Amino acid sequence: MATLLPAATHAQSAHPRVKLATSMGDIVIELYPDKAPKTVENFLQYVRDRHYDGTVFHRVISNFMVQGGGFDGSYRQKTTRPPVAHEGQAAIALGGPRNTVGTVAMARTNDPHSASSQFFINVKDNAFLDPTPIPPGDPVPQFEYKGKVYKDVPRASLLNAGELYGYTVFGKVVSGMDVVNKIKDTPTGAGGPFPTDVPKTPITILKATLEK
């Protein structure tokens, strides 16, 4: 039995956890560097830099997701590092999680490679956000998308298809989903530069810390 303990400890440490102490309670997120290593390291560096401390959940949609990590309590956007390369398709190909309830993904603009500090927590299964892996080959012998099958597709056309990238899932809430549900149910309206979906009572990440 003693010989098994080091291996078990190693398995646990392979998935770091970050605690978000929020004004509504604590949320603990387990991260998956084995599926999305650059994305996880990017998130952890923001945690180490205390970037998330004092930021708010600025976008809350009760039947979709809750989003934060980019704006302070005055709705000023915080300075970020350069964006991280999109890893969603690779993560799915490695068996990583999809955009289901409780999973955590990077927010971004229409550019798949634009994610920086903002993240969101899915509060329902959002399959339409899932990345679509591209099979090997050039041309790709067969490719299926939204129920349609395409044959002998030039690889470049798929690599340039932004709708295939989806959103990179890099973690999952393992404690505090009740807090996430309280956040999603909070009344929203206009706030700062945003016309809708802003909590009327600010919900703040007081502190983000890496759990040992």
# chains A, B, ... in the order shown; residues from 1 in each chain; ligands from 1
>>> residues_around(residues="Met177 of chain A", least_positions_apart="6", cutoff="12 Å", atoms="only C-alpha atoms", output="number ranges by chain")
A: 20, 24-29, 66, 101-104, 121-124, 183-184
>>> select_by_dssp(residues="segment 6-114 of chain A", states="strand (DSSP E)", output="VMD selection string")
chain A and resid 17 to 22 25 to 31 55 to 61 65 to 72 103 to 106
>>> write_last_selection(atoms="N, CA, C and O atoms", output="CSV table (one decimal), in the first residue's frame")
chain,number,residue,atom,x,y,z
A,17,ARG,N,-5.5,23.4,-8.3
A,17,ARG,CA,-6.8,24.0,-8.0
A,17,ARG,C,-6.6,25.5,-7.6
A,17,ARG,O,-5.7,25.8,-6.9
A,18,VAL,N,-7.6,26.3,-8.1
A,18,VAL,CA,-7.6,27.7,-7.7
A,18,VAL,C,-8.9,28.1,-7.0
A,18,VAL,O,-9.9,27.6,-7.4
A,19,LYS,N,-8.7,28.7,-5.9
A,19,LYS,CA,-9.9,29.2,-5.1
A,19,LYS,C,-10.2,30.6,-5.4
A,19,LYS,O,-9.3,31.5,-5.3
A,20,LEU,N,-11.4,30.9,-5.8
A,20,LEU,CA,-11.9,32.3,-6.0
A,20,LEU,C,-12.7,32.6,-4.8
A,20,LEU,O,-13.8,32.1,-4.7
A,21,ALA,N,-12.2,33.5,-4.0
A,21,ALA,CA,-13.0,34.0,-2.8
A,21,ALA,C,-13.8,35.1,-3.3
A,21,ALA,O,-13.2,36.2,-3.6
A,22,THR,N,-15.1,35.0,-3.4
A,22,THR,CA,-16.0,36.0,-4.0
A,22,THR,C,-16.8,36.6,-2.9
A,22,THR,O,-17.0,36.1,-1.8
A,25,GLY,N,-19.2,34.0,-1.8
A,25,GLY,CA,-18.8,32.7,-1.3
A,25,GLY,C,-17.6,32.2,-2.2
A,25,GLY,O,-17.2,32.9,-3.1
A,26,ASP,N,-17.1,31.1,-1.8
A,26,ASP,CA,-15.9,30.5,-2.4
A,26,ASP,C,-16.2,29.6,-3.6
A,26,ASP,O,-17.2,28.8,-3.5
A,27,ILE,N,-15.4,29.7,-4.6
A,27,ILE,CA,-15.5,28.8,-5.8
A,27,ILE,C,-14.1,28.2,-6.0
A,27,ILE,O,-13.1,28.9,-6.1
A,28,VAL,N,-14.1,26.8,-6.1
A,28,VAL,CA,-12.8,26.1,-6.3
A,28,VAL,C,-12.8,25.5,-7.7
A,28,VAL,O,-13.8,24.8,-8.1
A,29,ILE,N,-11.8,25.8,-8.5
A,29,ILE,CA,-11.7,25.4,-9.9
A,29,ILE,C,-10.5,24.4,-10.0
A,29,ILE,O,-9.4,24.8,-9.6
A,30,GLU,N,-10.8,23.2,-10.5
A,30,GLU,CA,-9.7,22.3,-10.8
A,30,GLU,C,-9.3,22.5,-12.3
A,30,GLU,O,-10.1,22.7,-13.2
A,31,LEU,N,-8.0,22.6,-12.5
A,31,LEU,CA,-7.4,22.9,-13.8
A,31,LEU,C,-6.8,21.7,-14.5
A,31,LEU,O,-6.4,20.8,-13.8
A,55,THR,N,-11.6,42.1,-9.2
A,55,THR,CA,-12.4,42.1,-10.4
A,55,THR,C,-13.8,41.7,-10.2
A,55,THR,O,-14.1,41.0,-9.1
A,56,VAL,N,-14.7,42.0,-11.1
A,56,VAL,CA,-16.1,41.6,-10.9
A,56,VAL,C,-16.6,40.7,-12.0
A,56,VAL,O,-16.0,40.6,-13.1
A,57,PHE,N,-17.7,40.0,-11.7
A,57,PHE,CA,-18.4,39.2,-12.7
A,57,PHE,C,-19.2,40.3,-13.5
A,57,PHE,O,-20.2,40.7,-13.0
A,58,HIS,N,-18.8,40.6,-14.7
A,58,HIS,CA,-19.4,41.7,-15.4
A,58,HIS,C,-20.5,41.3,-16.4
A,58,HIS,O,-21.2,42.1,-16.9
A,59,ARG,N,-20.6,40.0,-16.6
A,59,ARG,CA,-21.6,39.5,-17.6
A,59,ARG,C,-22.2,38.2,-17.0
A,59,ARG,O,-21.5,37.2,-16.9
A,60,VAL,N,-23.5,38.3,-16.7
A,60,VAL,CA,-24.2,37.2,-16.1
A,60,VAL,C,-25.5,36.9,-16.9
A,60,VAL,O,-26.3,37.8,-16.9
A,61,ILE,N,-25.6,35.7,-17.5
A,61,ILE,CA,-26.8,35.3,-18.2
A,61,ILE,C,-27.2,34.0,-17.6
A,61,ILE,O,-26.5,33.0,-17.8
A,65,MET,N,-24.1,31.5,-19.0
A,65,MET,CA,-22.8,31.4,-18.3
A,65,MET,C,-22.6,32.7,-17.5
A,65,MET,O,-23.4,33.6,-17.6
A,66,VAL,N,-21.6,32.7,-16.6
A,66,VAL,CA,-21.2,33.9,-15.8
A,66,VAL,C,-19.8,34.1,-16.2
A,66,VAL,O,-18.9,33.2,-16.3
A,67,GLN,N,-19.5,35.4,-16.5
A,67,GLN,CA,-18.1,35.8,-17.0
A,67,GLN,C,-17.5,36.9,-16.1
A,67,GLN,O,-18.1,37.8,-15.7
A,68,GLY,N,-16.2,36.7,-15.9
A,68,GLY,CA,-15.4,37.7,-15.2
A,68,GLY,C,-14.0,37.7,-15.5
A,68,GLY,O,-13.5,37.1,-16.5
A,69,GLY,N,-13.2,38.4,-14.7
A,69,GLY,CA,-11.8,38.4,-14.8
A,69,GLY,C,-11.1,39.5,-15.6
A,69,GLY,O,-9.9,39.5,-15.8
A,70,GLY,N,-12.0,40.5,-16.1
A,70,GLY,CA,-11.4,41.5,-16.9
A,70,GLY,C,-11.6,43.0,-16.4
A,70,GLY,O,-10.9,43.9,-16.9
A,71,PHE,N,-12.6,43.2,-15.5
A,71,PHE,CA,-12.9,44.6,-15.2
A,71,PHE,C,-12.9,44.7,-13.6
A,71,PHE,O,-13.3,43.8,-12.9
A,72,ASP,N,-12.4,45.9,-13.2
A,72,ASP,CA,-12.5,46.2,-11.7
A,72,ASP,C,-13.9,46.7,-11.3
A,72,ASP,O,-14.8,46.7,-12.2
A,103,THR,N,-18.1,23.7,-16.1
A,103,THR,CA,-16.8,23.8,-16.7
A,103,THR,C,-16.4,25.3,-16.9
A,103,THR,O,-17.3,26.1,-17.0
A,104,VAL,N,-15.1,25.5,-17.0
A,104,VAL,CA,-14.6,26.9,-17.1
A,104,VAL,C,-13.8,27.0,-18.4
A,104,VAL,O,-13.0,26.2,-18.7
A,105,ALA,N,-14.1,28.1,-19.1
A,105,ALA,CA,-13.5,28.3,-20.4
A,105,ALA,C,-13.0,29.7,-20.6
A,105,ALA,O,-13.4,30.6,-19.8
A,106,MET,N,-12.1,29.9,-21.5
A,106,MET,CA,-11.6,31.3,-21.8
A,106,MET,C,-12.6,32.0,-22.6
A,106,MET,O,-13.1,31.5,-23.6
>>> atom_distance(atom1="atom CA of Gly166 of chain A", atom2="atom CA of His15 of chain A")
23.0 Å
>>> residues_around(residues="Tyr32 of chain A", least_positions_apart="4", cutoff="9 Å", atoms="only C-alpha atoms", output="list in words")
Ala14, His15, Pro16, Ala36, Pro37, Val40, Gly96, Val169, Phe170, Gly171 and Lys172 of chain A
>>> write_last_selection(atoms="N, CA and C atoms", output="short mmCIF file (atom, residue, chain, number, x, y, z; two decimals), in the first residue's frame")
data_model
loop_
_atom_site.label_atom_id
_atom_site.label_comp_id
_atom_site.auth_asym_id
_atom_site.auth_seq_id
_atom_site.Cartn_x
_atom_site.Cartn_y
_atom_site.Cartn_z
N ALA A 14 -1.25 16.79 -10.38
CA ALA A 14 -1.28 17.07 -11.80
C ALA A 14 -2.42 18.01 -12.17
N HIS A 15 -3.40 18.15 -11.27
CA HIS A 15 -4.54 19.01 -11.51
C HIS A 15 -4.59 20.09 -10.43
N PRO A 16 -3.89 21.20 -10.65
CA PRO A 16 -3.90 22.28 -9.65
C PRO A 16 -5.31 22.84 -9.47
N ALA A 36 -4.89 21.42 -21.75
CA ALA A 36 -4.70 22.78 -22.28
C ALA A 36 -3.58 23.47 -21.50
N PRO A 37 -2.32 23.04 -21.71
CA PRO A 37 -1.21 23.52 -20.89
C PRO A 37 -0.95 25.02 -20.96
N VAL A 40 -3.86 26.92 -19.18
CA VAL A 40 -3.78 26.78 -17.72
C VAL A 40 -2.65 27.65 -17.17
N GLY A 96 -10.30 16.15 -23.53
CA GLY A 96 -10.62 17.18 -22.55
C GLY A 96 -12.10 17.44 -22.44
N VAL A 169 -12.00 24.96 -23.01
CA VAL A 169 -12.29 24.57 -21.63
C VAL A 169 -10.99 24.13 -20.98
N PHE A 170 -10.68 24.71 -19.82
CA PHE A 170 -9.41 24.39 -19.16
C PHE A 170 -9.58 24.00 -17.70
N GLY A 171 -10.81 23.94 -17.22
CA GLY A 171 -11.02 23.57 -15.84
C GLY A 171 -12.48 23.32 -15.54
N LYS A 172 -12.75 22.99 -14.27
CA LYS A 172 -14.12 22.71 -13.85
C LYS A 172 -14.29 23.07 -12.38
#
>>> residues_around(residues="segment 139-142 of chain A", least_positions_apart="5", cutoff="10 Å", atoms="only C-alpha atoms", output="list of chain:residue names")
A:Ile134, A:Val149, A:Tyr150, A:Lys151, A:Asp152, A:Val153, A:Pro154, A:Arg155, A:Ala156, A:Ser157, A:Leu158
>>> closest_atom_pairs(of="segment 46-145 of chain A", to="segment 201-212 of chain A", cutoff="8 Å", atoms="only C-alpha atoms", output="tab-separated table")
residue	atom	partner	partner_atom	distance
A:Val47	CA	A:Ala208	CA	5.9
A:Arg48	CA	A:Thr209	CA	7.5
A:Arg50	CA	A:Ala208	CA	7.0
A:Tyr52	CA	A:Ala208	CA	6.2
A:Asp53	CA	A:Lys207	CA	4.5
A:Gly54	CA	A:Leu206	CA	5.2
A:Thr55	CA	A:Ile205	CA	5.5
A:Val56	CA	A:Thr204	CA	4.3
A:Phe57	CA	A:Ile203	CA	5.8
A:Gly73	CA	A:Thr204	CA	7.4
>>> write_last_selection(atoms="C-alpha atoms", output="PDB file, in the first residue's frame")
ATOM      1  CA  VAL A  47      -3.586  34.320 -10.363  1.00  0.00           C
ATOM      2  CA  ARG A  48       0.043  34.724  -9.273  1.00  0.00           C
ATOM      3  CA  ARG A  50      -3.117  39.045  -8.337  1.00  0.00           C
ATOM      4  CA  TYR A  52      -8.166  38.762 -10.524  1.00  0.00           C
ATOM      5  CA  ASP A  53      -8.243  40.302  -7.045  1.00  0.00           C
ATOM      6  CA  GLY A  54     -10.894  43.016  -7.045  1.00  0.00           C
ATOM      7  CA  THR A  55     -12.367  42.127 -10.436  1.00  0.00           C
ATOM      8  CA  VAL A  56     -16.100  41.623 -10.918  1.00  0.00           C
ATOM      9  CA  PHE A  57     -18.383  39.237 -12.750  1.00  0.00           C
ATOM     10  CA  GLY A  73     -15.295  47.424  -9.547  1.00  0.00           C
TER      11      GLY A  73
END
>>> residues_around(residues="His86 of chain A", least_positions_apart="2", cutoff="12 Å", atoms="only C-alpha atoms", output="MDAnalysis selection string")
chainID A and resid 35:40 42 83:84 88:92 105:116 131 159 162 164:170
>>> atom_distance(atom1="atom CA of Thr132 of chain A", atom2="atom CA of Lys146 of chain A")
9.9 Å
>>> closest_residue(among="A:Arg98, A:Ser23, A:Phe64, A:Gln118", to="Asp185 of chain A", atoms="only C-alpha atoms")
A:Phe64
>>> closest_residue(among="A:His51, A:Gly189, A:Pro195, A:Asn99", to="Thr80 of chain A", atoms="only C-alpha atoms")
A:His51
>>> select_by_dssp(residues="segment 20-196 of chain A", states="helix (DSSP H, G or I)", output="ChimeraX atom specification")
/A:37-48,88-93,127-129,155-159,162-164,177-184
